[in-house]
Amino acid sequence: MRTGYYTHPDCVRHEMGEDHPECPARLAAIEDRLISAGLDWVLERPQVPLAQEPQLERAHSALYLAELRDRGGLDEGYAWIDPDTRMNPHTLRAALRAAGAAVAATDAVLDGRLDNAFCAVRPPGHHATHDRAMGFCFINNVAVAARHALDVRGLERVAVVDFDVHHGNGTEDILAGDSRALMVSFFQHPFYPYSGTEQPASNMVNVPLPAYAAGAQVREVVAHHWLPRLREFAPQMIFISAGFDAHREDDMGQMGLVESDYAWITRAIRELADEVCQGRIVSCLEGGYNLSALGRSVVEHLRVLAGVEG
C-alpha cells in the first residue's frame with residue numbers, strides 16, 4: 001500500500017496556552033510512536049500546501065473566513081474564540097496548512113499517486129461549522145476536502161466516518177442535506193457539544209452512546225449501523241475524522257476504546273473502501289489528548305491503512 005503521511009511544522013506553532021490539552025506535543029507523540037514502531041519508513045511524506053480561499057469557501061462562509069483572518073492577525077498573545085478555543089499569531093497559518101493537507105491528500109489519492117493518506121495535522125476541524133469556530137477547531141478540514149472531491153474533482157458521492165468521542169457538529173452543519181454526502185458517526189452522549197440527536201438530516205447516521213461504552217458496543221454500531229448504510233450509498237471516496245479521545249485512557253471523554261478497537265474500525269472501513277471505492281481513504285486527525293494513548297492508537301490506525309499489520 002502507498003500510504004501518505006501529511007504533516008507540517010506550521011501545525012506545531014499553533015498553541016492555545018500552557019496546559020491546554022490540544023497542544024503541539026500531540027504531533028510529537030505520534031511521530032515518536034511511528035519511529036519506535038518502525039512505521040516511518042513505509043509512509044510517503046508529500047509536500048503540504050496552504051489551503052486557498054476558494055477551497056475554504058466550499059465549506060465556510062466568506063464572512064466567517066474574513067473574521068478569522070481579522071481575529072488571527074496578531075503580533076503576540078491570544079484572540080479568544082470561546083472559553084476553550086483561542087488563536088495565537090500562528091493559528092491561522094496552521095489551520096490553512098491543515099486544510100491544505102486534506103485537499104492535497106484527496107488529490108493524491110484520486111490521481112492514483114497514493115492508495116490512502118493520513119493527515120497528522122492540527123488544529124483539528126470537525127467542530128468548525130459553516131460560520132463558527134469552536135471546540136479547538138477553526139477550519140473543517142474533512143468538510144473542505146469532501147467538498148473539493150465533489151465540486152472540483154467531480155465525484156458524485158463521498159462518505160465521512162467520524163469516530164471522535166465528541167459529535168462532529170461542524171461537519172454535520174456543513175454537509176447536512178447534501179445528498180452527495182453520507183456521514184456516519186458515534187459519539188458519547190450527553191456530552192460536548194450536546195448535539196447530533198435532534199432530528200438529524202437523512203444523510204446523517206448518528207449513533208449516540210453512553211459514557212463507558214467500550215469496544216463491543218462500538219463494533220456493533222459499526223457492523224449494524226455504519227456498514228450497511230455505507231455499502232448501500234457506495235461512496236467513491238471515504239474521509240475519516242479520526243479522533244482518538246474515545247480511548248479509555250483519555251480524560252477528555254468517558255468511553256472505553258483501546259488500540260485494537262481502532263485497528264478493527266479502520267480495518268472495517270478499509271475493507272469496505274476496497275469493495276466500493278478502490279480503497280480511496282483520506283483520514284484526518286481530530287481529537288486524542290492522552291499522548292501515549294494517542295500515539296499508540298494512531299500507529300494501529302496507520303498499520304491498517306498501510307497494510308503492514310502483524
# chains A, B, ... in the order shown; residues from 1 in each chain; ligands from 1
$ select_by_dssp --residues "stretch 46-148 of chain A" --states "strand (DSSP E or B)" --output "list in words"
Ala79, Trp80, Ile81, Asp82, Thr85, Arg86, Met87, Asn116, Ala117, Phe118, Cys119, Thr129, Arg132, Met134 and Cys137 of chain A
$ select_by_dssp --residues "stretch 115-284 of chain A" --states "helix (DSSP H, G or I)" --output "JSON, numbers by chain"
{"A": [141, 142, 143, 144, 145, 146, 147, 148, 149, 150, 151, 169, 170, 171, 172, 173, 174, 175, 215, 216, 217, 218, 219, 220, 221, 222, 223, 224, 225, 226, 227, 228, 229, 230, 231, 232, 233, 259, 260, 261, 262, 263, 264, 265, 266, 267, 268, 269, 270, 271, 272, 273, 274, 275, 276]}
$ write_last_selection --atoms "C-alpha atoms" --output "compact mmCIF listing (two decimals), in the first residue's frame"
# COMPACT_ATOMS: atom_id res chain seq x y z
CA ASN A 141 -10.50 20.01 7.22
CA VAL A 142 -12.61 16.99 6.32
CA ALA A 143 -15.53 19.06 5.05
CA VAL A 144 -13.20 21.21 2.92
CA ALA A 145 -11.65 18.06 1.42
CA ALA A 146 -15.01 16.36 0.87
CA ARG A 147 -16.41 19.39 -0.94
CA HIS A 148 -13.21 19.59 -3.02
CA ALA A 149 -13.73 15.96 -4.08
CA LEU A 150 -17.34 16.70 -5.04
CA ASP A 151 -17.18 20.18 -6.52
CA ASN A 169 -21.34 19.01 14.77
CA GLY A 170 -19.39 21.22 12.37
CA THR A 171 -19.16 18.57 9.68
CA GLU A 172 -22.85 17.83 10.11
CA ASP A 173 -23.68 21.54 9.85
CA ILE A 174 -21.80 21.81 6.55
CA LEU A 175 -22.91 18.54 4.93
CA GLY A 215 -15.25 -1.85 22.18
CA ALA A 216 -18.04 -4.40 21.91
CA GLN A 217 -20.74 -1.73 21.68
CA VAL A 218 -18.77 0.31 19.17
CA ARG A 219 -18.08 -2.69 16.95
CA GLU A 220 -21.80 -3.47 16.94
CA VAL A 221 -22.53 0.11 15.86
CA VAL A 222 -20.05 -0.16 13.01
CA ALA A 223 -21.28 -3.55 11.86
CA HIS A 224 -25.02 -2.93 12.13
CA HIS A 225 -25.45 0.83 11.61
CA TRP A 226 -22.48 2.15 9.63
CA LEU A 227 -21.51 -0.56 7.18
CA PRO A 228 -24.97 -1.31 5.74
CA ARG A 229 -25.62 2.39 5.04
CA LEU A 230 -22.15 2.92 3.62
CA ARG A 231 -22.42 -0.12 1.36
CA GLU A 232 -25.85 0.99 0.13
CA PHE A 233 -24.58 4.53 -0.53
CA GLU A 259 -5.87 0.39 20.29
CA SER A 260 -7.25 -2.89 18.97
CA ASP A 261 -10.68 -1.27 18.61
CA TYR A 262 -9.26 1.50 16.44
CA ALA A 263 -7.49 -1.13 14.34
CA TRP A 264 -10.75 -3.06 13.97
CA ILE A 265 -12.73 0.05 12.95
CA THR A 266 -10.05 1.06 10.45
CA ARG A 267 -9.93 -2.45 9.00
CA ALA A 268 -13.73 -2.49 8.57
CA ILE A 269 -13.63 0.85 6.76
CA ARG A 270 -10.66 -0.13 4.63
CA GLU A 271 -12.28 -3.40 3.57
CA LEU A 272 -15.44 -1.53 2.62
CA ALA A 273 -13.37 1.07 0.73
CA ASP A 274 -11.63 -1.73 -1.16
CA GLU A 275 -15.06 -3.08 -2.08
CA VAL A 276 -16.81 0.12 -3.18
$ closest_atom_pairs --of "stretch 206-251 of chain A" --to "stretch 186-198 of chain A" --cutoff "6 Å" --atoms "only C-alpha atoms" --output "tab-separated table"
residue	atom	partner	partner_atom	distance
A:Asn206	CA	A:Phe186	CA	5.9
A:Val207	CA	A:Phe186	CA	4.6
A:Pro208	CA	A:Phe187	CA	5.1
A:Leu209	CA	A:Gln188	CA	4.9
A:Pro210	CA	A:His189	CA	5.5
A:Ala211	CA	A:Gln188	CA	5.9
$ write_last_selection --atoms "N, CA, C and O atoms" --output "mmCIF file, in the first residue's frame"
data_model
loop_
_atom_site.group_PDB
_atom_site.id
_atom_site.type_symbol
_atom_site.label_atom_id
_atom_site.label_comp_id
_atom_site.auth_asym_id
_atom_site.auth_seq_id
_atom_site.Cartn_x
_atom_site.Cartn_y
_atom_site.Cartn_z
ATOM 1 N N ASN A 206 -26.197 9.089 12.910
ATOM 2 C CA ASN A 206 -25.646 9.454 14.211
ATOM 3 C C ASN A 206 -26.036 8.398 15.238
ATOM 4 O O ASN A 206 -27.225 8.118 15.408
ATOM 5 N N VAL A 207 -25.045 7.855 15.937
ATOM 6 C CA VAL A 207 -25.325 6.836 16.944
ATOM 7 C C VAL A 207 -24.755 7.304 18.287
ATOM 8 O O VAL A 207 -23.570 7.133 18.563
ATOM 9 N N PRO A 208 -25.589 7.931 19.131
ATOM 10 C CA PRO A 208 -25.106 8.347 20.446
ATOM 11 C C PRO A 208 -24.908 7.142 21.355
ATOM 12 O O PRO A 208 -25.704 6.194 21.333
ATOM 13 N N LEU A 209 -23.837 7.172 22.126
ATOM 14 C CA LEU A 209 -23.522 6.084 23.038
ATOM 15 C C LEU A 209 -23.327 6.638 24.449
ATOM 16 O O LEU A 209 -22.849 7.766 24.612
ATOM 17 N N PRO A 210 -23.650 5.858 25.468
ATOM 18 C CA PRO A 210 -23.497 6.355 26.839
ATOM 19 C C PRO A 210 -22.036 6.350 27.276
ATOM 20 O O PRO A 210 -21.191 5.681 26.670
ATOM 21 N N ALA A 211 -21.752 7.109 28.313
ATOM 22 C CA ALA A 211 -20.430 7.052 28.919
ATOM 23 C C ALA A 211 -20.095 5.607 29.285
ATOM 24 O O ALA A 211 -20.982 4.816 29.625
#
$ closest_atom_pairs --of "stretch 7-39 of chain A" --to "stretch 244-257 of chain A" --cutoff "12 Å" --atoms "only C-alpha atoms" --output "CSV"
residue,atom,partner,partner_atom,distance
A:His20,CA,A:Met252,CA,11.6
A:Pro21,CA,A:Met252,CA,8.6
A:Glu22,CA,A:Met252,CA,10.4
A:Arg26,CA,A:Phe244,CA,11.3
A:Ile30,CA,A:Phe244,CA,11.7
$ atom_distance --atom1 "atom CA of A:Glu76" --atom2 "atom CA of A:Phe136"
18.9 Å
$ residues_around --residues "A:Val160" --least-positions-apart "4" --cutoff "7 Å" --atoms "only C-alpha atoms" --output "list in words"
Leu182, Met183, Val184, Ile238, Phe239 and Ile240 of chain A
$ residues_around --residues "stretch 98-103 of chain A" --least-positions-apart "4" --cutoff "6 Å" --atoms "only C-alpha atoms" --output "list in words"
Val48, Pro49, Leu50, Ala51, Val121, Asn141 and Ala145 of chain A
$ residues_around --residues "A:Val109" --least-positions-apart "6" --cutoff "8 Å" --atoms "only C-alpha atoms" --output "MDAnalysis selection string"
chainID A and resid 115:117 280:282
$ residues_around --residues "A:Pro24" --least-positions-apart "6" --cutoff "10 Å" --atoms "only C-alpha atoms" --output "number ranges by chain"
A: 9, 11-16, 121-123
$ closest_residue --among "A:Arg153, A:Gly177, A:Gly287, A:Ala214" --to "A:Gly135" --atoms "only C-alpha atoms"
A:Gly287
$ closest_residue --among "A:Ser241, A:Asn140, A:Ser283, A:Thr7" --to "A:Ala120" --atoms "only C-alpha atoms"
A:Thr7
$ decode --residues "stretch 184-197 of chain A" --atoms "all heavy atoms" --output "PDB file, in the first residue's frame"
ATOM      1  N   VAL A 184     -21.381   9.091   8.824  1.00  0.00           N
ATOM      2  CA  VAL A 184     -21.696   8.121   9.876  1.00  0.00           C
ATOM      3  C   VAL A 184     -20.807   8.413  11.071  1.00  0.00           C
ATOM      4  O   VAL A 184     -19.627   8.733  10.928  1.00  0.00           O
ATOM      5  CB  VAL A 184     -21.515   6.662   9.388  1.00  0.00           C
ATOM      6  CG1 VAL A 184     -22.398   6.382   8.184  1.00  0.00           C
ATOM      7  CG2 VAL A 184     -20.061   6.338   9.066  1.00  0.00           C
ATOM      8  N   SER A 185     -21.388   8.308  12.260  1.00  0.00           N
ATOM      9  CA  SER A 185     -20.601   8.610  13.460  1.00  0.00           C
ATOM     10  C   SER A 185     -21.196   7.930  14.675  1.00  0.00           C
ATOM     11  O   SER A 185     -22.370   7.561  14.694  1.00  0.00           O
ATOM     12  CB  SER A 185     -20.560  10.131  13.703  1.00  0.00           C
ATOM     13  OG  SER A 185     -21.821  10.628  14.091  1.00  0.00           O
ATOM     14  N   PHE A 186     -20.356   7.750  15.677  1.00  0.00           N
ATOM     15  CA  PHE A 186     -20.823   7.507  17.040  1.00  0.00           C
ATOM     16  C   PHE A 186     -20.168   8.568  17.905  1.00  0.00           C
ATOM     17  O   PHE A 186     -19.167   9.177  17.537  1.00  0.00           O
ATOM     18  CB  PHE A 186     -20.491   6.088  17.535  1.00  0.00           C
ATOM     19  CG  PHE A 186     -19.015   5.797  17.670  1.00  0.00           C
ATOM     20  CD1 PHE A 186     -18.277   6.287  18.736  1.00  0.00           C
ATOM     21  CD2 PHE A 186     -18.361   5.001  16.734  1.00  0.00           C
ATOM     22  CE1 PHE A 186     -16.913   6.015  18.857  1.00  0.00           C
ATOM     23  CE2 PHE A 186     -17.004   4.722  16.849  1.00  0.00           C
ATOM     24  CZ  PHE A 186     -16.281   5.232  17.915  1.00  0.00           C
ATOM     25  N   PHE A 187     -20.747   8.805  19.067  1.00  0.00           N
ATOM     26  CA  PHE A 187     -20.192   9.794  19.980  1.00  0.00           C
ATOM     27  C   PHE A 187     -20.821   9.602  21.353  1.00  0.00           C
ATOM     28  O   PHE A 187     -21.925   9.079  21.479  1.00  0.00           O
ATOM     29  CB  PHE A 187     -20.445  11.226  19.476  1.00  0.00           C
ATOM     30  CG  PHE A 187     -21.866  11.483  19.038  1.00  0.00           C
ATOM     31  CD1 PHE A 187     -22.835  11.925  19.930  1.00  0.00           C
ATOM     32  CD2 PHE A 187     -22.238  11.270  17.720  1.00  0.00           C
ATOM     33  CE1 PHE A 187     -24.134  12.143  19.529  1.00  0.00           C
ATOM     34  CE2 PHE A 187     -23.539  11.491  17.301  1.00  0.00           C
ATOM     35  CZ  PHE A 187     -24.491  11.926  18.211  1.00  0.00           C
ATOM     36  N   GLN A 188     -20.083  10.003  22.369  1.00  0.00           N
ATOM     37  CA  GLN A 188     -20.613   9.943  23.725  1.00  0.00           C
ATOM     38  C   GLN A 188     -21.733  10.971  23.871  1.00  0.00           C
ATOM     39  O   GLN A 188     -21.620  12.104  23.408  1.00  0.00           O
ATOM     40  CB  GLN A 188     -19.503  10.240  24.727  1.00  0.00           C
ATOM     41  CG  GLN A 188     -19.951  10.129  26.183  1.00  0.00           C
ATOM     42  CD  GLN A 188     -18.815  10.400  27.152  1.00  0.00           C
ATOM     43  OE1 GLN A 188     -17.665  10.058  26.880  1.00  0.00           O
ATOM     44  NE2 GLN A 188     -19.133  11.010  28.284  1.00  0.00           N
ATOM     45  N   HIS A 189     -22.815  10.555  24.521  1.00  0.00           N
ATOM     46  CA  HIS A 189     -23.958  11.448  24.709  1.00  0.00           C
ATOM     47  C   HIS A 189     -24.666  11.107  26.019  1.00  0.00           C
ATOM     48  O   HIS A 189     -24.838   9.931  26.332  1.00  0.00           O
ATOM     49  CB  HIS A 189     -24.942  11.300  23.539  1.00  0.00           C
ATOM     50  CG  HIS A 189     -26.102  12.240  23.632  1.00  0.00           C
ATOM     51  ND1 HIS A 189     -26.016  13.569  23.301  1.00  0.00           N
ATOM     52  CD2 HIS A 189     -27.379  12.038  24.055  1.00  0.00           C
ATOM     53  CE1 HIS A 189     -27.178  14.152  23.489  1.00  0.00           C
ATOM     54  NE2 HIS A 189     -28.021  13.240  23.942  1.00  0.00           N
ATOM     55  N   PRO A 190     -25.074  12.123  26.799  1.00  0.00           N
ATOM     56  CA  PRO A 190     -24.907  13.561  26.558  1.00  0.00           C
ATOM     57  C   PRO A 190     -23.475  14.011  26.862  1.00  0.00           C
ATOM     58  O   PRO A 190     -22.886  13.602  27.864  1.00  0.00           O
ATOM     59  CB  PRO A 190     -25.896  14.194  27.533  1.00  0.00           C
ATOM     60  CG  PRO A 190     -26.026  13.196  28.641  1.00  0.00           C
ATOM     61  CD  PRO A 190     -25.874  11.843  28.012  1.00  0.00           C
ATOM     62  N   PHE A 191     -22.957  14.870  25.985  1.00  0.00           N
ATOM     63  CA  PHE A 191     -21.568  15.294  26.089  1.00  0.00           C
ATOM     64  C   PHE A 191     -21.359  16.430  25.093  1.00  0.00           C
ATOM     65  O   PHE A 191     -22.127  16.580  24.142  1.00  0.00           O
ATOM     66  CB  PHE A 191     -20.643  14.109  25.767  1.00  0.00           C
ATOM     67  CG  PHE A 191     -19.241  14.215  26.293  1.00  0.00           C
ATOM     68  CD1 PHE A 191     -18.976  14.695  27.556  1.00  0.00           C
ATOM     69  CD2 PHE A 191     -18.171  13.810  25.509  1.00  0.00           C
ATOM     70  CE1 PHE A 191     -17.681  14.773  28.032  1.00  0.00           C
ATOM     71  CE2 PHE A 191     -16.869  13.882  25.980  1.00  0.00           C
ATOM     72  CZ  PHE A 191     -16.624  14.366  27.249  1.00  0.00           C
ATOM     73  N   TYR A 192     -20.314  17.212  25.303  1.00  0.00           N
ATOM     74  CA  TYR A 192     -19.986  18.291  24.388  1.00  0.00           C
ATOM     75  C   TYR A 192     -19.922  17.766  22.941  1.00  0.00           C
ATOM     76  O   TYR A 192     -19.381  16.694  22.722  1.00  0.00           O
ATOM     77  CB  TYR A 192     -18.620  18.894  24.759  1.00  0.00           C
ATOM     78  CG  TYR A 192     -18.212  20.054  23.887  1.00  0.00           C
ATOM     79  CD1 TYR A 192     -18.593  21.346  24.196  1.00  0.00           C
ATOM     80  CD2 TYR A 192     -17.470  19.845  22.724  1.00  0.00           C
ATOM     81  CE1 TYR A 192     -18.242  22.412  23.381  1.00  0.00           C
ATOM     82  CE2 TYR A 192     -17.125  20.906  21.898  1.00  0.00           C
ATOM     83  CZ  TYR A 192     -17.514  22.183  22.232  1.00  0.00           C
ATOM     84  OH  TYR A 192     -17.175  23.233  21.420  1.00  0.00           O
ATOM     85  N   PRO A 193     -20.484  18.459  21.979  1.00  0.00           N
ATOM     86  CA  PRO A 193     -21.144  19.768  22.005  1.00  0.00           C
ATOM     87  C   PRO A 193     -22.668  19.689  22.175  1.00  0.00           C
ATOM     88  O   PRO A 193     -23.370  20.620  21.771  1.00  0.00           O
ATOM     89  CB  PRO A 193     -20.773  20.352  20.646  1.00  0.00           C
ATOM     90  CG  PRO A 193     -20.744  19.168  19.740  1.00  0.00           C
ATOM     91  CD  PRO A 193     -20.219  18.024  20.576  1.00  0.00           C
ATOM     92  N   TYR A 194     -23.141  18.585  22.758  1.00  0.00           N
ATOM     93  CA  TYR A 194     -24.561  18.426  23.076  1.00  0.00           C
ATOM     94  C   TYR A 194     -25.433  18.570  21.823  1.00  0.00           C
ATOM     95  O   TYR A 194     -26.419  19.313  21.790  1.00  0.00           O
ATOM     96  CB  TYR A 194     -24.981  19.426  24.165  1.00  0.00           C
ATOM     97  CG  TYR A 194     -24.129  19.291  25.397  1.00  0.00           C
ATOM     98  CD1 TYR A 194     -23.089  20.183  25.636  1.00  0.00           C
ATOM     99  CD2 TYR A 194     -24.334  18.236  26.298  1.00  0.00           C
ATOM    100  CE1 TYR A 194     -22.266  20.045  26.745  1.00  0.00           C
ATOM    101  CE2 TYR A 194     -23.524  18.088  27.411  1.00  0.00           C
ATOM    102  CZ  TYR A 194     -22.488  18.991  27.625  1.00  0.00           C
ATOM    103  OH  TYR A 194     -21.676  18.844  28.726  1.00  0.00           O
ATOM    104  N   SER A 195     -25.061  17.830  20.806  1.00  0.00           N
ATOM    105  CA  SER A 195     -25.773  17.897  19.527  1.00  0.00           C
ATOM    106  C   SER A 195     -25.784  16.510  18.902  1.00  0.00           C
ATOM    107  O   SER A 195     -25.219  15.561  19.442  1.00  0.00           O
ATOM    108  CB  SER A 195     -25.084  18.902  18.593  1.00  0.00           C
ATOM    109  OG  SER A 195     -23.737  18.527  18.353  1.00  0.00           O
ATOM    110  N   GLY A 196     -26.464  16.407  17.771  1.00  0.00           N
ATOM    111  CA  GLY A 196     -26.437  15.173  16.997  1.00  0.00           C
ATOM    112  C   GLY A 196     -27.615  14.252  17.208  1.00  0.00           C
ATOM    113  O   GLY A 196     -27.732  13.235  16.520  1.00  0.00           O
ATOM    114  N   THR A 197     -28.495  14.597  18.156  1.00  0.00           N
ATOM    115  CA  THR A 197     -29.613  13.695  18.446  1.00  0.00           C
ATOM    116  C   THR A 197     -30.966  14.291  18.079  1.00  0.00           C
ATOM    117  O   THR A 197     -31.965  13.575  18.082  1.00  0.00           O
ATOM    118  CB  THR A 197     -29.635  13.325  19.943  1.00  0.00           C
ATOM    119  OG1 THR A 197     -29.736  14.526  20.729  1.00  0.00           O
ATOM    120  CG2 THR A 197     -28.369  12.571  20.321  1.00  0.00           C
TER     121      THR A 197
END
